[in-house]
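Enquirer: I'd like to ask you about the structure that follows.
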Amino acid sequence: MLVAHPSADLYGSDRVLLESVGGMVSQGWRVVVTVPEPGPLVAELTLRGAEVEICSAPVLRKSALQPREFLRFVLEVVKSLKPCGRLISRSRADGIYVNTITIPTWLVLGRLMGRSVTCHVHEAEGSASTLMRRLISLPLVFASRLIVNSEFSLEVLTEAVPLLRRRATVVYNGIPGPAEPTMARAQLNTPLTLLFIGRLSPRKGPHIAIAAVQELRSRGASVRLDLLGAVFPGYEWFEAKLKEQVNRLGLSDSVHFLGFQPDVWPHIEAADVVVVPSVVDEPFGNTAVEAILGARPLVVSSTSGLKEASAGYESVQAIAPDRSDLLATSAEHLVAHWGTFRKAAWEDSRLARDRHSVVRYQREIIRLLSD
């Protein structure tokens with residue numbers, strides 16, 4: 001199997017890819033993974049028994065749908081055809097597994113070269129215009145089959161291109177939890193520690209979490225916020241804006257930028273509450289599931305795939321997106337009923353381990369790829 005992926009990071013879809021590759025290798029398949037550049041994902045793939053090839057293919061982003069940028073993207077696709085085609089031939093792969101819809105070169109070229117092509121869809125731009133969603137989704141008509149990470153993603157996808165529904169199957173992400181989860185601390189000695197996990201990007205809402213800290217402090221609470229994650233290259237301006245927000249609000253002693261860390265579990269263990277305050281659609285919600293697997297109460301935006309990821313758990317508080325005041329109020333509610341939520345989070349972690357079992361996930365992926 002030739003596996004194509006758009007980055008070499010270790011965030012949501014990157015970590016899910018590791019479990020997909022692990023399942024393929026466990027079947028005795030030879031797996032070649034192509035990424036556009038070196039990064040922390042490469043070492044993890046190698047540990048799982050995959051071969052890694054660096055081969056750049058253009059990544060489709062929303063900015064590429066502007067007229068001038070779209071022309072540039074098309075030219076980059078044309079330029080990438082030769083090296084990508086050589087890799088497909090050299091790998092001698094029976095099939096191609098394209099992880100995300102953002103690298104259409106592999107979808108189109110793989111099918112034109114007579115390979116079976118599977119695309120694992122991790123995106124859901126429900127707030128985008130119908131035209132944009134159709135343009136992003138159209139290359140998927142070249143895929144032999146689609147694996148989709150949530151019912152929400154499937155609905156967004158098939159509203160844009162209805163004919164894709166008959167070749168799509170929803171498979172919830174397999175997410176490994178901590179080796180030994182621990183219960184949250186019994187007594188909330190100050191400060192209350194909130195944890196944000198994910199990319200520092202406007203859509204993920206770290207600025208909402210920072211504003212909630214200011215709101216909680218104005219209500220007399222002692223609180224700390226840890227921001228675990230880094231920015232996309234080119235988004236350094238947003239990190240600077242977050243730090244300016246912290247300084248302006250006088251929160252430099254309460255908000256801590258931890259940067260990217262490959263192992264999230266020590267940080268979840270050190271936290272009291274995890275917050276996922278996304279302000280726009282999310283296809284699923286791996287960080288929400290990680291919080292639940294780590295047995296920590298969660299405050300999450302009640303929107304899109306986040307609702308699906310956090311449904312059925314008693315330790316979750318769902319709030320309207322883009323509302324720092326509601327995030328602060330939910331944190332206060334958790335504190336006021338800490339014993340109840342602490343116990344519920346522990347029970348929820350067991351449920352999440354079954355729902356997002358890696359073994360179950362890998363079995364389903366292999367079944368679909370073997371059909």
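Please note that chains go A, B, ... in the order of the structure tokens, that every chain numbers its residues from 1, and that ligands are numbered from 1 in the order shown.
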Quick one: everything within 10 Å of region 207-222 of chain A, counting only C-alpha atoms, minus sequence neighbours fewer than 4 positions away in the same chain. Send it as a CSV table (one decimal) with N, CA and C atoms, in the first residue's frame.
Expert:
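Printed below is out.csv as written:
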chain,number,residue,atom,x,y,z
A,189,ASN,N,-7.5,22.3,44.9
A,189,ASN,CA,-6.6,23.4,45.5
A,189,ASN,C,-6.3,24.4,44.4
A,190,THR,N,-6.3,25.6,44.7
A,190,THR,CA,-6.1,26.6,43.6
A,190,THR,C,-4.7,26.5,43.1
A,191,PRO,N,-4.4,26.9,41.8
A,191,PRO,CA,-5.5,27.4,40.9
A,191,PRO,C,-6.1,26.2,40.1
A,192,LEU,N,-7.3,26.5,39.6
A,192,LEU,CA,-8.0,25.5,38.7
A,192,LEU,C,-7.1,25.5,37.4
A,193,THR,N,-6.7,24.4,36.9
A,193,THR,CA,-5.9,24.3,35.7
A,193,THR,C,-6.7,23.8,34.5
A,194,LEU,N,-6.8,24.7,33.5
A,194,LEU,CA,-7.5,24.4,32.3
A,194,LEU,C,-6.4,24.1,31.2
A,195,LEU,N,-6.8,23.2,30.3
A,195,LEU,CA,-5.8,22.8,29.3
A,195,LEU,C,-6.5,22.9,27.9
A,196,PHE,N,-5.8,23.6,27.0
A,196,PHE,CA,-6.2,23.7,25.6
A,196,PHE,C,-5.2,22.8,24.8
A,200,LEU,N,-2.7,26.3,17.4
A,200,LEU,CA,-3.0,27.6,17.7
A,200,LEU,C,-3.5,28.3,16.4
A,201,SER,N,-4.7,28.2,16.2
A,201,SER,CA,-5.3,28.8,15.0
A,201,SER,C,-6.6,29.5,15.3
A,202,PRO,N,-7.1,30.5,14.6
A,202,PRO,CA,-8.3,31.2,14.9
A,202,PRO,C,-9.5,30.3,15.0
A,203,ARG,N,-9.6,29.2,14.2
A,203,ARG,CA,-10.7,28.4,14.2
A,203,ARG,C,-10.8,27.5,15.5
A,226,ASP,N,-3.1,26.3,30.3
A,226,ASP,CA,-2.0,25.9,29.5
A,226,ASP,C,-2.4,25.7,28.0
A,227,LEU,N,-1.7,26.3,27.1
A,227,LEU,CA,-2.0,26.1,25.7
A,227,LEU,C,-1.0,25.2,25.1
A,238,PHE,N,-0.7,34.9,14.3
A,238,PHE,CA,-1.7,34.6,15.3
A,238,PHE,C,-1.2,34.3,16.7
A,239,GLU,N,-0.1,33.6,16.7
A,239,GLU,CA,0.5,33.4,18.0
A,239,GLU,C,0.9,34.7,18.7
A,241,LYS,N,-0.5,37.5,18.2
A,241,LYS,CA,-1.7,38.2,18.6
A,241,LYS,C,-2.2,37.6,19.9
A,242,LEU,N,-2.1,36.3,20.1
A,242,LEU,CA,-2.5,35.6,21.4
A,242,LEU,C,-1.6,36.2,22.5
A,243,LYS,N,-0.3,36.3,22.3
A,243,LYS,CA,0.5,36.8,23.3
A,243,LYS,C,0.3,38.2,23.7
A,245,GLN,N,-2.7,39.5,23.4
A,245,GLN,CA,-4.0,39.5,24.2
A,245,GLN,C,-3.7,39.1,25.7
A,246,VAL,N,-2.8,38.2,25.9
A,246,VAL,CA,-2.4,37.8,27.3
A,246,VAL,C,-1.8,39.0,28.0
A,249,LEU,N,-4.4,41.8,28.8
A,249,LEU,CA,-5.3,41.4,29.9
A,249,LEU,C,-4.6,41.2,31.2
A,250,GLY,N,-3.3,41.3,31.2
A,250,GLY,CA,-2.6,41.1,32.4
A,250,GLY,C,-2.6,39.7,32.9
A,251,LEU,N,-2.5,38.7,32.0
A,251,LEU,CA,-2.6,37.3,32.3
A,251,LEU,C,-1.3,36.6,32.1
A,254,SER,N,-0.8,33.7,34.3
A,254,SER,CA,-1.9,32.7,34.3
A,254,SER,C,-2.0,31.9,33.1
A,255,VAL,N,-1.5,32.4,31.9
A,255,VAL,CA,-1.6,31.7,30.7
A,255,VAL,C,-0.2,31.3,30.2
A,275,VAL,N,-10.4,22.1,27.7
A,275,VAL,CA,-11.4,23.0,26.9
A,275,VAL,C,-11.1,22.9,25.4
A,276,VAL,N,-12.2,22.7,24.7
A,276,VAL,CA,-12.1,22.6,23.2
A,276,VAL,C,-13.1,23.7,22.7
A,277,PRO,N,-12.7,25.0,22.6
A,277,PRO,CA,-13.6,26.1,22.3
A,277,PRO,C,-13.6,26.5,20.8
A,278,SER,N,-13.6,25.5,19.9
A,278,SER,CA,-13.6,25.8,18.5
A,278,SER,C,-14.8,26.7,18.1
A,279,VAL,N,-14.5,27.7,17.2
A,279,VAL,CA,-15.5,28.6,16.8
A,279,VAL,C,-16.1,28.3,15.4
A,321,PRO,N,-20.5,28.1,20.6
A,321,PRO,CA,-19.2,28.6,20.2
A,321,PRO,C,-19.0,30.1,20.3
A,322,ASP,N,-17.8,30.5,20.5
A,322,ASP,CA,-17.4,31.9,20.5
A,322,ASP,C,-18.0,32.6,21.7
A,323,ARG,N,-18.1,31.9,22.8
A,323,ARG,CA,-18.7,32.5,24.0
A,323,ARG,C,-17.8,32.3,25.2
A,324,SER,N,-16.9,33.2,25.4
A,324,SER,CA,-15.9,33.0,26.6
A,324,SER,C,-16.7,33.1,27.9
A,325,ASP,N,-17.8,33.9,28.0
A,325,ASP,CA,-18.5,34.0,29.2
A,325,ASP,C,-19.2,32.6,29.6
A,326,LEU,N,-19.7,31.9,28.6
A,326,LEU,CA,-20.2,30.6,28.8
A,326,LEU,C,-19.2,29.6,29.2
A,327,LEU,N,-18.0,29.7,28.6
A,327,LEU,CA,-16.9,28.8,29.0
A,327,LEU,C,-16.5,29.0,30.4
A,328,ALA,N,-16.5,30.3,30.9
A,328,ALA,CA,-16.2,30.6,32.3
A,328,ALA,C,-17.3,30.0,33.2
A,329,THR,N,-18.5,30.2,32.8
A,329,THR,CA,-19.6,29.7,33.6
A,329,THR,C,-19.6,28.2,33.7
A,331,ALA,N,-17.0,26.3,33.5
A,331,ALA,CA,-15.8,25.9,34.4
A,331,ALA,C,-16.3,26.1,35.9
A,332,GLU,N,-17.0,27.2,36.2
A,332,GLU,CA,-17.5,27.4,37.5
A,332,GLU,C,-18.5,26.2,38.0
Enquirer: Select from region 60-166 of chain A everything DSSP, run on the backbone, classes as strand (DSSP E or B), then give the selection as a list in words.
Expert: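 Residues meeting the strand (DSSP E or B) criterion: Gly95, Ile96, Tyr97, Val98, Asn99, Ser116, Val117, Thr118, Cys119, His120, Val121, Arg145, Leu146, Ile147 and Val148 of chain A.
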Enquirer: Between CA of Glu53 (chain A) and CA of Thr34 (chain A), what is the distance, to one decimal in Å?
Expert: 4.7 Å
Enquirer: With distances taken over only C-alpha atoms, which residue among A:Leu131, A:Val33, A:Val77, A:Ala50 lies nearest Asn99 (chain A)?
Expert: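 With only C-alpha atoms as the atom set, the closest residue is A:Val33.
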Enquirer: Any chance you could list, as a list in words, the residues in region 126-168 of chain A that come up alpha helix (DSSP H) when DSSP is run on the backbone?
Expert: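 Those residues are Thr130, Leu131, Met132, Arg133, Arg134, Leu135, Ile136, Ser137, Glu151, Phe152, Ser153, Leu154, Glu155, Val156, Leu157, Thr158, Glu159 and Ala160 of chain A.
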Enquirer: Taking a cut-off of 10 Å and counting only C-alpha atoms, can you build a table that, for each residue of region 108-169 of chain A near region 283-290 of chain A, reports the nearest atom pair and how far apart they are in Å (one decimal), sorted by chain then residue number, as JSON lines?
Expert:
{"residue": "A:Val121", "atom": "CA", "partner": "A:Pro283", "partner_atom": "CA", "distance": 9.1}
{"residue": "A:His122", "atom": "CA", "partner": "A:Pro283", "partner_atom": "CA", "distance": 6.3}
{"residue": "A:Glu123", "atom": "CA", "partner": "A:Pro283", "partner_atom": "CA", "distance": 5.3}
{"residue": "A:Ala124", "atom": "CA", "partner": "A:Pro283", "partner_atom": "CA", "distance": 4.7}
{"residue": "A:Glu125", "atom": "CA", "partner": "A:Pro283", "partner_atom": "CA", "distance": 7.7}
{"residue": "A:Gly126", "atom": "CA", "partner": "A:Pro283", "partner_atom": "CA", "distance": 8.7}
{"residue": "A:Val148", "atom": "CA", "partner": "A:Pro283", "partner_atom": "CA", "distance": 9.4}
{"residue": "A:Asn149", "atom": "CA", "partner": "A:Phe284", "partner_atom": "CA", "distance": 6.8}
{"residue": "A:Ser150", "atom": "CA", "partner": "A:Phe284", "partner_atom": "CA", "distance": 6.2}
{"residue": "A:Glu151", "atom": "CA", "partner": "A:Pro283", "partner_atom": "CA", "distance": 8.8}
{"residue": "A:Phe152", "atom": "CA", "partner": "A:Pro283", "partner_atom": "CA", "distance": 6.5}
{"residue": "A:Ser153", "atom": "CA", "partner": "A:Pro283", "partner_atom": "CA", "distance": 5.4}
{"residue": "A:Leu154", "atom": "CA", "partner": "A:Pro283", "partner_atom": "CA", "distance": 9.1}
{"residue": "A:Val156", "atom": "CA", "partner": "A:Pro283", "partner_atom": "CA", "distance": 9.1}
Enquirer: Could you list, as a list in words, every residue within 10 Å of Thr158 (chain A), counting only C-alpha atoms and ignoring same-chain residues fewer than 6 positions away?
Expert: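 In the requested form, the answer reads Arg133, Arg134, Ser137, Leu164, Arg165, Arg166 and Ala168 of chain A.
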Enquirer: When distances are computed from only C-alpha atoms, which of A:Ser127, A:Ser330, A:Asn247, A:Thr46 shows the smallest separation from Ser301 (chain A)?
Expert: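 Ranking A:Ser127, A:Ser330, A:Asn247, A:Thr46 by distance to Ser301 (chain A), first place goes to A:Ser330.
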Enquirer: Distance CA of His256 (chain A)-CA of Trp237 (chain A), one decimal place?
Expert: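 It comes out at 17.6 Å.
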Enquirer: Which residues, written as a PyMOL selection string, have at least one atom at most 9 Å from Pro83 (chain A), with only C-alpha atoms counted and residues fewer than 6 positions away on the same chain left out?
Expert: chain A and resi 55-57
Enquirer: Export N, CA and C atoms of the chosen residues as a PDB file, in the first residue's frame?
Expert:
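That gives us result26.pdb:
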ATOM      1  N   CYS A  55       8.135  13.167  -0.818  1.00  0.00           N
ATOM      2  CA  CYS A  55       7.715  13.529  -2.178  1.00  0.00           C
ATOM      3  C   CYS A  55       6.669  14.634  -2.053  1.00  0.00           C
ATOM      4  N   SER A  56       6.995  15.798  -2.534  1.00  0.00           N
ATOM      5  CA  SER A  56       6.107  16.954  -2.358  1.00  0.00           C
ATOM      6  C   SER A  56       4.959  16.930  -3.356  1.00  0.00           C
ATOM      7  N   ALA A  57       3.755  17.124  -2.816  1.00  0.00           N
ATOM      8  CA  ALA A  57       2.554  17.292  -3.635  1.00  0.00           C
ATOM      9  C   ALA A  57       1.796  18.479  -3.068  1.00  0.00           C
TER      10      ALA A  57
END
Enquirer: Do you have, as JSON lines, the list of residues of region 117-182 of chain A lying at most 8 Å from region 102-110 of chain A, each with its nearest atom pair and that distance in Å to one decimal, counting only C-alpha atoms and ordered by chain then number?
Expert:
{"residue": "A:Val117", "atom": "CA", "partner": "A:Gly110", "partner_atom": "CA", "distance": 6.4}
{"residue": "A:Cys119", "atom": "CA", "partner": "A:Leu107", "partner_atom": "CA", "distance": 7.6}
{"residue": "A:Ile136", "atom": "CA", "partner": "A:Thr102", "partner_atom": "CA", "distance": 7.8}
{"residue": "A:Pro139", "atom": "CA", "partner": "A:Pro104", "partner_atom": "CA", "distance": 6.0}
{"residue": "A:Leu140", "atom": "CA", "partner": "A:Leu107", "partner_atom": "CA", "distance": 7.1}
{"residue": "A:Phe142", "atom": "CA", "partner": "A:Val108", "partner_atom": "CA", "distance": 5.8}
{"residue": "A:Ala143", "atom": "CA", "partner": "A:Leu107", "partner_atom": "CA", "distance": 6.2}
Enquirer: For the residues in the current selection, export C-alpha atoms as an mmCIF file, in the first residue's frame.
Expert:
data_model
loop_
_atom_site.group_PDB
_atom_site.id
_atom_site.type_symbol
_atom_site.label_atom_id
_atom_site.label_comp_id
_atom_site.auth_asym_id
_atom_site.auth_seq_id
_atom_site.Cartn_x
_atom_site.Cartn_y
_atom_site.Cartn_z
ATOM 1 C CA VAL A 117 -7.517 4.495 -4.551
ATOM 2 C CA CYS A 119 -9.432 8.424 0.444
ATOM 3 C CA ILE A 136 -12.764 20.818 -2.712
ATOM 4 C CA PRO A 139 -11.437 15.168 -6.897
ATOM 5 C CA LEU A 140 -12.991 12.479 -4.693
ATOM 6 C CA PHE A 142 -11.609 9.518 -8.667
ATOM 7 C CA ALA A 143 -11.529 7.506 -5.441
#
Enquirer: Any idea what's packed within 7 Å of Pro40 (chain A), counting only C-alpha atoms, ignoring anything in its chain fewer than 6 positions away? Could you give it as a PyMOL selection string?
Expert: chain A and resi 8-10
Enquirer: Quick one: write out the picked residues with C-alpha atoms as an mmCIF file, in the first residue's frame?
Expert:
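File again_12.cif, as written:
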data_model
loop_
_atom_site.group_PDB
_atom_site.id
_atom_site.type_symbol
_atom_site.label_atom_id
_atom_site.label_comp_id
_atom_site.auth_asym_id
_atom_site.auth_seq_id
_atom_site.Cartn_x
_atom_site.Cartn_y
_atom_site.Cartn_z
ATOM 1 C CA ALA A 8 4.763 15.251 8.843
ATOM 2 C CA ASP A 9 3.296 16.656 12.062
ATOM 3 C CA LEU A 10 1.691 14.842 15.005
#
